[in-house]
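Here is run_32.cif, consisting of mmCIF, C-alpha atoms:
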data_data
#
loop_
_atom_site.label_atom_id
_atom_site.label_comp_id
_atom_site.auth_asym_id
_atom_site.auth_seq_id
_atom_site.Cartn_x
_atom_site.Cartn_y
_atom_site.Cartn_z
CA MET A 899 10.41 -5.00 15.53
CA ILE A 900 11.11 -1.37 16.43
CA LYS A 901 13.06 -0.93 13.21
CA ASN A 902 10.11 -2.25 11.22
CA LEU A 903 7.75 0.02 13.15
CA ARG A 904 9.98 3.03 12.52
CA ARG A 905 10.29 2.10 8.85
CA LYS A 906 6.51 1.89 8.52
CA PHE A 907 6.15 5.26 10.26
CA ILE A 908 8.56 6.88 7.78
CA VAL A 909 6.87 5.24 4.79
CA ILE A 910 3.37 6.27 5.93
CA SER A 911 4.55 9.82 6.67
CA MET A 912 6.18 10.16 3.25
CA LEU A 913 3.22 8.62 1.44
CA SER A 914 0.91 11.04 3.23
CA MET A 915 3.14 13.93 2.19
CA VAL A 916 3.24 12.71 -1.41
CA VAL A 917 -0.56 12.42 -1.52
CA VAL A 918 -1.07 15.90 -0.04
CA LEU A 919 1.48 17.53 -2.37
CA SER A 920 0.08 15.65 -5.37
CA VAL A 921 -3.44 16.86 -4.60
CA ILE A 922 -2.27 20.45 -4.10
CA MET A 923 -0.15 20.42 -7.27
CA GLY A 924 -2.96 18.78 -9.20
CA ILE A 925 -5.47 21.40 -8.12
CA VAL A 926 -3.11 24.33 -8.78
CA ASN A 927 -1.97 23.08 -12.19
CA THR A 928 -5.50 22.10 -13.21
CA MET A 929 -6.78 25.56 -12.32
CA ASN A 930 -3.87 27.13 -14.19
CA TYR A 931 -4.57 25.02 -17.29
CA ARG A 932 -8.29 25.77 -17.10
CA ARG A 933 -7.50 29.48 -16.89
CA ILE A 934 -5.46 29.19 -20.11
CA MET A 935 -8.31 27.40 -21.86
CA GLU A 936 -10.93 29.84 -20.59
CA GLN A 937 -8.86 32.80 -21.72
CA ALA A 938 -8.31 31.23 -25.16
CA ASP A 939 -11.98 30.29 -25.45
CA ARG A 940 -12.96 33.85 -24.59
CA LEU A 941 -10.72 35.18 -27.36
CA THR A 942 -12.04 32.70 -29.91
CA SER A 943 -15.58 33.58 -28.83
CA ILE A 944 -14.95 37.32 -29.32
CA LEU A 945 -13.37 36.68 -32.73
CA ALA A 946 -16.24 34.37 -33.70
CA GLU A 947 -18.79 37.07 -32.94
CA ASN A 948 -16.90 39.51 -35.17
CA ASP A 949 -16.17 37.32 -38.18
CA GLY A 950 -12.60 36.52 -37.18
CA VAL A 951 -11.40 40.03 -36.21
CA PHE A 952 -11.43 42.28 -33.16
CA GLU A 953 -14.01 45.05 -33.17
CA GLU A 954 -12.83 48.66 -32.93
CA GLN A 955 -14.06 48.87 -29.37
CA PHE A 956 -11.36 46.39 -28.38
CA MET A 957 -8.66 48.26 -30.35
CA GLU A 958 -9.17 51.51 -28.45
CA PRO A 959 -7.96 52.30 -24.90
CA GLN A 960 -10.67 51.29 -22.46
CA LYS A 961 -12.41 53.86 -20.30
CA PRO A 962 -13.02 53.38 -16.59
CA MET A 963 -15.64 50.74 -15.98
CA ASP A 964 -19.20 51.96 -15.66
CA LEU A 965 -20.92 49.77 -13.10
CA ASN A 966 -24.34 50.71 -14.46
CA ASN A 967 -23.52 49.89 -18.06
CA GLN A 968 -21.51 46.69 -18.41
CA ASP A 969 -21.29 44.28 -21.30
CA GLU A 970 -22.26 41.00 -19.65
CA LYS A 971 -20.48 38.93 -22.28
CA HIS A 972 -17.19 40.85 -22.33
CA PRO A 973 -16.65 42.91 -19.17
CA PRO A 974 -13.93 45.53 -19.82
CA MET A 975 -12.06 44.43 -16.72
CA GLU A 976 -11.21 41.08 -18.39
CA MET A 977 -9.78 42.58 -21.58
CA SER A 978 -6.47 44.42 -21.64
CA PRO A 979 -6.13 47.23 -24.24
CA GLU A 980 -3.02 45.41 -25.51
CA THR A 981 -4.81 42.10 -26.03
CA PRO A 982 -5.90 42.74 -29.67
CA PHE A 983 -2.30 43.67 -30.54
CA SER A 984 -0.55 40.87 -28.59
CA THR A 985 -2.92 38.05 -29.59
CA ARG A 986 -1.70 35.88 -32.44
CA PHE A 987 -4.53 34.27 -34.38
CA PHE A 988 -5.65 33.18 -37.81
CA SER A 989 -8.87 31.96 -39.39
CA VAL A 990 -10.05 29.90 -42.33
CA LYS A 991 -13.47 30.39 -43.87
CA TYR A 992 -15.27 27.72 -45.89
CA ASN A 993 -18.22 28.22 -48.25
CA GLY A 994 -21.30 26.02 -48.34
CA GLU A 995 -19.62 23.56 -50.68
CA GLY A 996 -16.71 22.98 -48.26
CA SER A 997 -14.11 24.92 -50.27
CA VAL A 998 -11.76 27.44 -48.67
CA GLU A 999 -13.15 30.90 -49.33
CA LYS A 1000 -10.77 32.97 -47.23
CA CYS A 1001 -7.61 32.35 -45.19
CA ASP A 1002 -6.66 35.23 -42.88
CA ILE A 1003 -3.09 34.92 -41.52
CA ALA A 1004 -2.38 38.64 -41.15
CA LYS A 1005 -2.05 38.40 -37.34
CA ILE A 1006 0.40 35.51 -37.19
CA ALA A 1007 3.84 34.83 -38.66
CA ALA A 1008 4.38 31.18 -37.68
CA VAL A 1009 1.68 29.84 -40.04
CA ASP A 1010 1.33 30.19 -43.81
CA LYS A 1011 -1.87 29.69 -45.80
CA GLU A 1012 -1.07 26.08 -46.63
CA LYS A 1013 -0.45 25.16 -43.00
CA ALA A 1014 -3.48 27.14 -41.83
CA THR A 1015 -5.70 25.28 -44.30
CA ALA A 1016 -4.23 21.93 -43.21
CA TYR A 1017 -5.00 22.77 -39.56
CA ALA A 1018 -8.56 23.75 -40.46
CA ASP A 1019 -9.15 20.60 -42.53
CA THR A 1020 -7.92 18.44 -39.65
CA VAL A 1021 -10.24 20.22 -37.22
CA LEU A 1022 -13.27 19.82 -39.49
CA ASP A 1023 -12.49 16.12 -40.00
CA SER A 1024 -12.40 15.62 -36.22
CA GLY A 1025 -15.97 16.89 -35.88
CA LYS A 1026 -15.19 18.82 -32.69
CA GLN A 1027 -16.32 22.39 -32.19
CA VAL A 1028 -13.70 23.46 -29.62
CA GLY A 1029 -10.29 22.06 -28.73
CA PHE A 1030 -6.53 22.18 -29.26
CA GLN A 1031 -4.70 21.60 -32.52
CA ASP A 1032 -1.00 21.62 -31.74
CA VAL A 1033 -0.52 24.84 -29.71
CA TYR A 1034 -3.59 26.54 -31.17
CA ARG A 1035 -6.96 26.73 -29.46
CA TYR A 1036 -9.66 26.54 -32.10
CA ARG A 1037 -13.37 27.13 -32.40
CA VAL A 1038 -15.63 26.11 -35.31
CA ILE A 1039 -18.54 28.43 -36.12
CA ASP A 1040 -21.44 27.66 -38.44
CA THR A 1041 -22.15 30.72 -40.59
CA ASP A 1042 -25.02 31.44 -42.97
CA ASP A 1043 -22.94 30.48 -45.98
CA GLY A 1044 -20.48 27.93 -44.59
CA LYS A 1045 -18.08 27.46 -41.67
CA LEU A 1046 -15.47 29.62 -40.00
CA VAL A 1047 -12.54 28.03 -38.10
CA ILE A 1048 -10.68 30.38 -35.75
CA PHE A 1049 -7.30 29.57 -34.17
CA VAL A 1050 -5.66 31.43 -31.29
CA ASP A 1051 -1.96 30.92 -30.61
CA CYS A 1052 -1.50 29.66 -27.03
CA ARG A 1053 2.17 28.76 -27.40
CA GLN A 1054 3.43 31.23 -24.81
CA SER A 1055 0.74 30.36 -22.27
CA LEU A 1056 1.33 26.60 -22.68
CA GLU A 1057 5.10 27.03 -22.40
CA ASN A 1058 4.61 29.08 -19.23
CA PHE A 1059 2.27 26.37 -17.93
CA GLN A 1060 4.81 23.62 -18.67
CA HIS A 1061 7.59 25.67 -17.10
CA PHE A 1062 5.50 26.28 -13.99
CA THR A 1063 4.61 22.58 -13.78
CA LYS A 1064 8.28 21.56 -14.01
CA ILE A 1065 9.24 24.08 -11.35
CA SER A 1066 6.44 22.95 -9.05
CA ILE A 1067 7.47 19.30 -9.46
CA SER A 1068 11.11 20.17 -8.75
CA VAL A 1069 10.18 22.22 -5.69
CA ALA A 1070 7.89 19.41 -4.47
CA ALA A 1071 10.68 16.83 -4.95
CA ILE A 1072 13.14 19.00 -3.01
CA GLY A 1073 10.51 19.54 -0.32
CA LEU A 1074 9.82 15.81 -0.07
CA PHE A 1075 13.52 15.08 0.26
CA ALA A 1076 13.82 17.69 3.01
CA VAL A 1077 10.79 16.24 4.80
CA PHE A 1078 12.27 12.75 4.49
CA ILE A 1079 15.51 13.90 6.12
CA LEU A 1080 13.58 15.57 8.95
CA VAL A 1081 11.24 12.59 9.47
CA PHE A 1082 14.17 10.18 9.36
CA PHE A 1083 16.09 12.22 11.92
CA PHE A 1084 13.24 12.99 14.30
CA SER A 1085 11.81 9.46 14.12
CA LYS A 1086 14.93 8.31 15.95
CA ILE A 1087 14.12 10.71 18.77
CA VAL A 1088 10.43 9.78 18.77
CA PHE A 1089 11.06 6.03 18.86
CA ARG A 1090 13.95 6.13 21.31
CA PRO A 1091 11.69 5.79 24.42
CA VAL A 1092 9.78 3.00 22.66
CA GLN A 1093 13.06 1.25 21.86
CA GLU A 1094 14.24 1.54 25.45
CA THR A 1095 10.93 0.25 26.80
CA TYR A 1096 10.96 -2.63 24.33
CA GLU A 1097 14.53 -3.57 25.27
CA LYS A 1098 13.62 -3.50 28.96
CA GLN A 1099 10.60 -5.69 28.27
CA LYS A 1100 12.69 -8.26 26.38
CA ARG A 1101 15.35 -8.21 29.10
CA PHE A 1102 12.69 -8.69 31.76
CA ILE A 1103 11.15 -11.65 29.93
CA THR A 1104 14.54 -13.28 29.45
CA ASP A 1105 15.67 -12.66 33.02
CA ALA A 1106 12.33 -13.71 34.51
CA SER A 1107 12.32 -16.88 32.41
CA HIS A 1108 15.79 -17.83 33.59
CA GLU A 1109 14.91 -17.02 37.20
CA LEU A 1110 11.81 -19.22 36.99
CA LYS A 1111 13.79 -22.25 35.90
CA THR A 1112 15.46 -22.76 39.28
CA PRO A 1113 12.31 -22.75 41.49
CA LEU A 1114 10.47 -24.88 38.94
CA THR A 1115 13.29 -27.44 38.98
CA ILE A 1116 13.22 -27.45 42.80
CA ILE A 1117 9.43 -27.84 42.91
CA ASP A 1118 9.61 -30.71 40.42
CA ALA A 1119 12.39 -32.40 42.45
CA ASN A 1120 10.52 -31.95 45.75
CA THR A 1121 7.39 -33.42 44.18
CA GLU A 1122 9.32 -36.50 43.09
CA VAL A 1123 10.74 -36.89 46.63
CA ILE A 1124 7.23 -36.68 48.08
CA GLU A 1125 6.05 -39.34 45.60
CA MET A 1126 8.97 -41.56 46.60
CA GLU A 1127 8.11 -41.28 50.30
CA ALA A 1128 4.32 -41.10 50.27
CA GLY A 1129 3.43 -42.38 46.85
CA SER A 1130 1.80 -40.70 43.89
CA ASN A 1131 -1.59 -39.02 44.24
CA LYS A 1132 -3.73 -36.54 42.37
CA TRP A 1133 -2.11 -33.58 44.14
CA THR A 1134 1.43 -34.52 43.19
CA GLU A 1135 0.31 -35.30 39.65
CA SER A 1136 -1.38 -31.89 39.42
CA THR A 1137 1.77 -30.20 40.71
CA LYS A 1138 3.93 -32.00 38.16
CA ASN A 1139 1.53 -31.08 35.33
CA GLN A 1140 1.58 -27.41 36.30
CA VAL A 1141 5.40 -27.45 36.62
CA GLU A 1142 5.61 -28.99 33.15
CA ARG A 1143 3.22 -26.37 31.79
CA LEU A 1144 5.15 -23.50 33.37
CA SER A 1145 8.44 -24.91 32.09
CA ALA A 1146 7.05 -25.09 28.54
CA LEU A 1147 5.72 -21.54 28.83
CA THR A 1148 9.12 -20.34 30.07
CA GLU A 1149 10.88 -21.99 27.15
CA GLN A 1150 8.42 -20.40 24.71
CA LEU A 1151 8.97 -16.95 26.20
CA VAL A 1152 12.73 -17.33 25.90
CA MET A 1153 12.34 -18.56 22.33
CA LEU A 1154 10.05 -15.66 21.40
CA SER A 1155 12.49 -13.21 22.92
CA ARG A 1156 15.28 -14.81 20.90
CA PHE A 1157 13.29 -14.46 17.70
CA ASP A 1158 12.69 -10.79 18.50
CA GLU A 1159 16.42 -10.15 18.37
CA GLU A 1160 16.63 -8.41 15.01
CA GLN A 1161 20.42 -8.54 14.84
CA ARG A 1162 20.51 -12.34 15.05
CA VAL A 1163 21.62 -13.82 11.73
CA VAL A 1164 19.58 -16.76 10.46
CA GLU A 1165 21.77 -19.60 9.26
CA LYS A 1166 20.29 -20.64 5.94
CA LYS A 1167 20.97 -23.39 3.47
CA VAL A 1168 19.03 -25.12 0.72
CA PHE A 1169 17.25 -28.24 1.99
CA SER A 1170 14.38 -30.48 1.00
CA LEU A 1171 11.29 -28.88 2.46
CA SER A 1172 9.22 -31.89 1.38
CA GLU A 1173 11.31 -34.27 3.52
CA ALA A 1174 11.51 -31.85 6.47
CA VAL A 1175 7.72 -31.35 6.55
CA ALA A 1176 7.02 -35.08 6.23
CA ASP A 1177 9.50 -35.99 8.99
CA ALA A 1178 8.29 -33.26 11.35
CA ALA A 1179 4.64 -34.21 10.76
CA GLU A 1180 5.06 -37.96 11.27
CA PRO A 1181 4.96 -37.94 15.13
CA PHE A 1182 1.61 -36.17 15.07
CA VAL A 1183 -0.07 -38.99 13.15
CA ALA A 1184 -0.10 -41.18 16.25
CA MET A 1185 -1.20 -38.25 18.43
CA ALA A 1186 -4.15 -37.58 16.11
CA LYS A 1187 -5.03 -41.28 15.96
CA THR A 1188 -5.23 -41.59 19.76
CA LYS A 1189 -7.74 -38.73 19.72
CA GLU A 1190 -9.70 -40.37 16.88
CA LYS A 1191 -8.85 -37.62 14.42
CA ASP A 1192 -7.96 -38.13 10.75
CA MET A 1193 -4.74 -36.64 9.40
CA ILE A 1194 -4.21 -36.27 5.65
CA PHE A 1195 -0.92 -35.35 3.94
CA ASP A 1196 -0.70 -33.77 0.47
CA ILE A 1197 3.01 -33.06 0.00
CA ASP A 1198 4.67 -32.36 -3.35
CA GLU A 1199 8.02 -34.04 -3.85
CA ASN A 1200 11.35 -32.26 -4.34
CA VAL A 1201 10.25 -28.89 -2.98
CA LEU A 1202 13.42 -27.04 -1.95
CA LEU A 1203 13.76 -24.03 0.36
CA ASN A 1204 16.68 -21.81 1.33
CA GLY A 1205 16.22 -21.42 5.07
CA ASN A 1206 16.87 -22.79 8.52
CA GLU A 1207 15.68 -26.40 8.58
CA LYS A 1208 15.47 -26.55 12.38
CA ASP A 1209 13.18 -23.51 12.51
CA ILE A 1210 10.97 -24.87 9.71
CA ARG A 1211 10.58 -28.22 11.50
CA GLN A 1212 9.59 -26.30 14.61
CA LEU A 1213 7.05 -24.34 12.53
CA VAL A 1214 5.48 -27.57 11.28
CA GLY A 1215 5.34 -28.92 14.84
CA ILE A 1216 3.64 -25.79 16.19
CA LEU A 1217 0.98 -25.73 13.48
CA LEU A 1218 0.20 -29.44 13.73
CA GLU A 1219 0.18 -29.41 17.53
CA ASN A 1220 -2.37 -26.58 17.47
CA ALA A 1221 -4.41 -28.39 14.83
CA VAL A 1222 -4.51 -31.62 16.86
CA LYS A 1223 -5.30 -29.82 20.12
CA TYR A 1224 -8.01 -27.47 18.90
CA SER A 1225 -9.69 -29.42 16.08
CA SER A 1226 -13.19 -30.68 16.71
CA ASP A 1227 -13.81 -34.11 18.25
CA LYS A 1228 -13.24 -36.87 15.70
CA GLY A 1229 -12.40 -34.14 13.22
CA SER A 1230 -9.89 -34.02 10.39
CA ILE A 1231 -6.54 -32.33 9.80
CA LYS A 1232 -5.02 -31.74 6.38
CA LEU A 1233 -1.41 -30.73 5.74
CA THR A 1234 -0.62 -29.43 2.26
CA LEU A 1235 2.68 -28.47 0.64
CA HIS A 1236 2.79 -27.28 -2.97
CA GLY A 1237 5.53 -25.62 -4.99
CA THR A 1238 3.81 -23.41 -7.56
CA GLY A 1239 5.83 -21.13 -9.82
CA LYS A 1240 8.04 -18.92 -7.68
CA LYS A 1241 6.07 -19.61 -4.50
CA ILE A 1242 5.87 -22.39 -1.94
CA LEU A 1243 2.49 -22.79 -0.26
CA PHE A 1244 2.33 -24.69 3.02
CA SER A 1245 -0.98 -24.94 4.85
CA VAL A 1246 -2.54 -26.77 7.79
CA GLU A 1247 -6.31 -27.01 7.85
CA ASN A 1248 -8.36 -28.51 10.66
CA SER A 1249 -12.05 -28.83 11.34
CA VAL A 1250 -13.57 -26.85 14.21
CA GLU A 1251 -16.96 -26.83 15.87
CA GLU A 1252 -17.60 -23.16 15.19
CA ILE A 1253 -15.43 -20.18 14.27
CA LYS A 1254 -15.86 -16.72 12.76
CA LYS A 1255 -15.62 -16.61 8.97
CA GLY A 1256 -13.00 -14.50 7.22
CA ASN A 1257 -9.59 -13.29 8.31
CA LEU A 1258 -8.32 -14.59 11.65
CA ASP A 1259 -4.78 -13.15 11.77
CA ILE A 1260 -5.53 -12.03 15.32
CA LEU A 1261 -4.62 -15.60 16.32
CA PHE A 1262 -0.95 -14.67 15.85
CA GLU A 1263 -1.16 -12.06 18.61
CA ARG A 1264 0.68 -13.08 21.77
CA PHE A 1265 -1.48 -14.72 24.45
CA TYR A 1266 -4.63 -14.37 22.32
CA ARG A 1267 -7.16 -17.16 22.73
CA LEU A 1268 -10.41 -17.73 20.87
CA ASP A 1269 -11.72 -19.86 23.72
CA SER A 1270 -9.85 -19.34 26.98
CA SER A 1271 -11.69 -22.11 28.80
CA ARG A 1272 -10.77 -24.70 26.20
CA ASN A 1273 -7.19 -23.45 26.03
CA SER A 1274 -6.93 -24.02 29.77
CA GLN A 1275 -8.11 -27.58 29.32
CA THR A 1276 -5.65 -28.30 26.51
CA GLY A 1277 -2.75 -26.50 28.18
CA GLY A 1278 -2.42 -23.81 25.51
CA SER A 1279 -0.51 -20.64 26.34
CA GLY A 1280 -1.40 -18.52 23.31
CA ILE A 1281 2.26 -18.12 22.29
CA GLY A 1282 2.72 -20.97 19.79
CA LEU A 1283 1.30 -19.17 16.76
CA SER A 1284 3.25 -16.03 17.69
CA ILE A 1285 6.43 -18.11 17.46
CA ALA A 1286 5.23 -19.56 14.14
CA LYS A 1287 4.73 -16.05 12.77
CA ALA A 1288 8.20 -15.01 13.96
CA ILE A 1289 9.77 -18.00 12.19
CA VAL A 1290 7.96 -17.22 8.93
CA GLN A 1291 8.89 -13.54 9.06
CA ARG A 1292 12.55 -14.40 9.64
CA HIS A 1293 12.37 -16.38 6.39
CA LYS A 1294 10.83 -13.40 4.55
CA GLY A 1295 7.57 -15.28 4.18
CA LYS A 1296 3.91 -14.56 4.86
CA ILE A 1297 1.51 -16.35 7.19
CA SER A 1298 -2.23 -15.91 7.52
CA ALA A 1299 -5.18 -17.57 9.24
CA PHE A 1300 -8.72 -17.66 7.92
CA SER A 1301 -11.95 -19.62 7.76
CA ASN A 1302 -14.01 -19.90 4.59
CA ASP A 1303 -17.00 -21.73 6.03
CA GLY A 1304 -16.97 -21.20 9.80
CA LYS A 1305 -16.37 -24.93 10.26
CA SER A 1306 -12.65 -25.10 9.50
CA LEU A 1307 -9.51 -23.13 10.25
CA THR A 1308 -6.69 -22.78 7.72
CA VAL A 1309 -3.22 -21.46 8.51
CA LEU A 1310 -1.49 -20.66 5.20
CA THR A 1311 2.24 -20.00 4.93
CA GLU A 1312 3.87 -18.64 1.79
CA PHE A 1313 7.59 -18.72 1.03
CA LYS A 1314 9.55 -17.56 -1.99
CA LYS A 1315 11.63 -20.16 -3.80
#
Spell out the structure here as structure tokens.
Amino acid sequence: MIKNLRRKFIVISMLSMVVVLSVIMGIVNTMNYRRIMEQADRLTSILAENDGVFEEQFMEPQKPMDLNNQDEKHPPMEMSPETPFSTRFFSVKYNGEGSVEKCDIAKIAAVDKEKATAYADTVLDSGKQVGFQDVYRYRVIDTDDGKLVIFVDCRQSLENFQHFTKISISVAAIGLFAVFILVFFFSKIVFRPVQETYEKQKRFITDASHELKTPLTIIDANTEVIEMEAGSNKWTESTKNQVERLSALTEQLVMLSRFDEEQRVVEKKVFSLSEAVADAAEPFVAMAKTKEKDMIFDIDENVLLNGNEKDIRQLVGILLENAVKYSSDKGSIKLTLHGTGKKILFSVENSVEEIKKGNLDILFERFYRLDSSRNSQTGGSGIGLSIAKAIVQRHKGKISAFSNDGKSLTVLTEFKK
């Protein structure tokens, strides 16, 4: 139990770290990519306004910024004097008939006229005004006599972006590994007091259960002596009933403590689950009949399971005993076992007078009772379903409780074949 709790703590901590780092990396890399696009779009916009070239004002060293006379479209502070010389770009101009009128590749060496024209044709066929074609950011401008397609080389910026992304992922992976080591190490320290408390609790339950056996045996023996000398009466019968109830509770506590031992190896073998369920359920038919309750079996044949047959028979007994005890008067109980695909579905459904709809997994909590007054009448301790859950978990299965209509309770168990 503590190991599972610690494992969940580590998983949740690491998942939280992954989510936080992913969000941070996503924001940083998205902003970086948007900055590349905005810078490229600004260059294509400047070139578009000047027929595919930089104006002389951008080719000259810039003067100190005049706060009273700024160009709102192109503030000098955003344009380096070296930008016109370091920017690699080309353009293709089309006339009104759609033929190439001019192909300017003077500012780029990686593209010839044929390739530039092919890029431009592809862009025009796409119908988009702005976007990426390979490593080139393009913009399509409608002119008075045709179209102008401008491309700006973003190869270096994109390579830097990819390099930065790879580095950030590597750093994040190293950071996550370091965090995992720290969380793994410190979780031992954090859970050590919990482990010690849990071990003391289990030891107390086991010791107390064993200590209770002796006085209960003596009380039961004394009651029988009294009945032999003075005869049976309602007081001796009540004492014997309470002794029997306490003895059953003691055995359940010992059993639950035994199931909590995580180091205990479950002896498994392949057996016929169909036969085990049918045999374990048979004694409850008479019990249900005496209480005027109907019991229906729907069991597939030749369903096999690799597990502990004794534990599975006990599971069937617990579920059916609860169903018989807590089903409504003259109600019905249905046991179902189906082998479907890679799963085995085993369920016990019983009618009830009234119950909350939806998930009812809280029933598997120790000592939990939906109706404490009725549980007292039926002798329930609130531990049976906890033991059932422990058995299922030890077989790597799943168990759940729910009500679809508020008039029936279904306990569904799922095993892997």
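Distance annotation: of A:His1061, A:Lys991, A:Lys1086, A:His1293, the residue with the minimal separation from Leu1046 in chain A is A:Lys991; atom set is only C-alpha atoms.
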Spatial sel., origin (-8.7, -30.2, 8.9), limit 7 Å, only C-alpha atoms, listed as a PDB file with C-alpha atoms, keeping the file's coordinate frame:
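And here is the file that came out, selection07.pdb:
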ATOM      1  CA  GLY A1229     -12.400 -34.140  13.220  1.00  0.00           C
ATOM      2  CA  SER A1230      -9.890 -34.020  10.390  1.00  0.00           C
ATOM      3  CA  ILE A1231      -6.540 -32.330   9.800  1.00  0.00           C
ATOM      4  CA  LYS A1232      -5.020 -31.740   6.380  1.00  0.00           C
ATOM      5  CA  GLU A1247      -6.310 -27.010   7.850  1.00  0.00           C
ATOM      6  CA  ASN A1248      -8.360 -28.510  10.660  1.00  0.00           C
ATOM      7  CA  SER A1249     -12.050 -28.830  11.340  1.00  0.00           C
ATOM      8  CA  SER A1306     -12.650 -25.100   9.500  1.00  0.00           C
TER       9      SER A1306
END
Q.
Once the PyMOL selection byres ((chain A and resi 1211) around 10) is applied to the coordinates I shared, what remains selected? I want it as JSON, numbers by chain.
A. {"A": [1171, 1174, 1175, 1176, 1177, 1178, 1179, 1206, 1207, 1208, 1209, 1210, 1212, 1213, 1214, 1215, 1216]}
Generate the output file for the selected residues, C-alpha atoms, as an mmCIF file, keeping the file's coordinate frame.
data_model
loop_
_atom_site.group_PDB
_atom_site.id
_atom_site.type_symbol
_atom_site.label_atom_id
_atom_site.label_comp_id
_atom_site.auth_asym_id
_atom_site.auth_seq_id
_atom_site.Cartn_x
_atom_site.Cartn_y
_atom_site.Cartn_z
ATOM 1 C CA LEU A 1171 11.290 -28.880 2.460
ATOM 2 C CA ALA A 1174 11.510 -31.850 6.470
ATOM 3 C CA VAL A 1175 7.720 -31.350 6.550
ATOM 4 C CA ALA A 1176 7.020 -35.080 6.230
ATOM 5 C CA ASP A 1177 9.500 -35.990 8.990
ATOM 6 C CA ALA A 1178 8.290 -33.260 11.350
ATOM 7 C CA ALA A 1179 4.640 -34.210 10.760
ATOM 8 C CA ASN A 1206 16.870 -22.790 8.520
ATOM 9 C CA GLU A 1207 15.680 -26.400 8.580
ATOM 10 C CA LYS A 1208 15.470 -26.550 12.380
ATOM 11 C CA ASP A 1209 13.180 -23.510 12.510
ATOM 12 C CA ILE A 1210 10.970 -24.870 9.710
ATOM 13 C CA GLN A 1212 9.590 -26.300 14.610
ATOM 14 C CA LEU A 1213 7.050 -24.340 12.530
ATOM 15 C CA VAL A 1214 5.480 -27.570 11.280
ATOM 16 C CA GLY A 1215 5.340 -28.920 14.840
ATOM 17 C CA ILE A 1216 3.640 -25.790 16.190
#
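Closest approach to Asn930 in chain A from the set A:Thr1020, A:Ser1068, A:Gln1140, A:Gln1060 is made by A:Gln1060, with distances taken over only C-alpha atoms.
Applied to this file, the PyMOL selection byres ((chain A and resi 1200) around 7) selects A:Ser1170, A:Ser1172, A:Asp1198, A:Glu1199, A:Val1201, A:Leu1202.
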(Q) If we draw a sphere of 12 Å around (4.1, 29.2, -26.3), which residues have at least one atom in it when counting all atoms listed in the file? Please report them as number ranges by chain. (A) A: 934, 985-986, 1008, 1032-1035, 1050-1061
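When all atoms listed in the file are used to measure the gap to Lys1223 in chain A, the shortest distance among A:Thr1188, A:Asn927, A:Ser943, A:Thr1238 belongs to A:Thr1188.
With CA of Phe1049 in chain A on one side and CA of Tyr1036 in chain A on the other, the separation reads 4.4 Å.
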Q.
Could you list, as a ChimeraX atom specification, every residue matched by the PyMOL selection byres ((chain A and resi 1253) around 8) in this structure?
A. /A:1250-1252,1254-1255,1301,1304-1307
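Minimum atom-to-atom distance to Val1047 in chain A, evaluated using all atoms listed in the file, belongs to A:Asp949 out of A:Asp949, A:Glu1135, A:Glu1263, A:Glu980.
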Q: Give me, please, the distance in Å between CA of Arg1292 in chain A and CA of Leu1144 in chain A, quoted to one decimal.
A: 26.5 Å
Q: For Gly1295 in chain A, list every protein, DNA or RNA residue within 6 Å, evaluated using only C-alpha atoms, and leave out those in the same chain fewer than 4 positions away; present the list as a PyMOL selection string.
A: chain A and resi 1290-1291+1312-1313
Q: Skip Thr1148 in chain A itself and residues of its chain fewer than 2 positions away, then list as a list of chain:residue names all residues within 8 Å of it, counting all atoms listed in the file.
A: A:Ser1107, A:His1108, A:Leu1110, A:Lys1111, A:Leu1144, A:Ser1145, A:Ala1146, A:Gln1150, A:Leu1151, A:Val1152
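Of note, CA of Ile1197 in chain A and CA of Thr1234 in chain A are spaced 5.6 Å apart.
Considering the residues A:Arg905, A:Arg1090, A:Lys1045, A:Lys1100 and counting all atoms listed in the file, Asn993 in chain A has its shortest atom-to-atom contact with A:Lys1045.
Considering all atoms listed in the file, the residue among A:Asp1118, A:Phe1195, A:Ile1039, A:Val998 positioned nearest to Ala1016 in chain A is A:Val998.
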Q | Within 9 Å of Leu1022 in chain A using all atoms listed in the file, minus same-chain residues under 5 positions, as a VMD selection string | A | chain A and resid 1017 1027 1038 1047
Neighbouring residues of Asp1259 in chain A were defined as those with any atom within 12 Å, considering all atoms listed in the file; residues of the same chain fewer than 5 positions away were excluded. Please report them as a PDB file with C-alpha atoms, in the coordinates of the input.
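Now in part_6.pdb:
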ATOM      1  CA  LYS A1254     -15.860 -16.720  12.760  1.00  0.00           C
ATOM      2  CA  ARG A1264       0.680 -13.080  21.770  1.00  0.00           C
ATOM      3  CA  TYR A1266      -4.630 -14.370  22.320  1.00  0.00           C
ATOM      4  CA  ARG A1267      -7.160 -17.160  22.730  1.00  0.00           C
ATOM      5  CA  LEU A1268     -10.410 -17.730  20.870  1.00  0.00           C
ATOM      6  CA  LEU A1283       1.300 -19.170  16.760  1.00  0.00           C
ATOM      7  CA  SER A1284       3.250 -16.030  17.690  1.00  0.00           C
ATOM      8  CA  LYS A1287       4.730 -16.050  12.770  1.00  0.00           C
ATOM      9  CA  LYS A1296       3.910 -14.560   4.860  1.00  0.00           C
ATOM     10  CA  ILE A1297       1.510 -16.350   7.190  1.00  0.00           C
ATOM     11  CA  SER A1298      -2.230 -15.910   7.520  1.00  0.00           C
ATOM     12  CA  ALA A1299      -5.180 -17.570   9.240  1.00  0.00           C
ATOM     13  CA  PHE A1300      -8.720 -17.660   7.920  1.00  0.00           C
ATOM     14  CA  SER A1301     -11.950 -19.620   7.760  1.00  0.00           C
ATOM     15  CA  LEU A1307      -9.510 -23.130  10.250  1.00  0.00           C
ATOM     16  CA  THR A1308      -6.690 -22.780   7.720  1.00  0.00           C
ATOM     17  CA  VAL A1309      -3.220 -21.460   8.510  1.00  0.00           C
ATOM     18  CA  LEU A1310      -1.490 -20.660   5.200  1.00  0.00           C
ATOM     19  CA  THR A1311       2.240 -20.000   4.930  1.00  0.00           C
TER      20      THR A1311
END
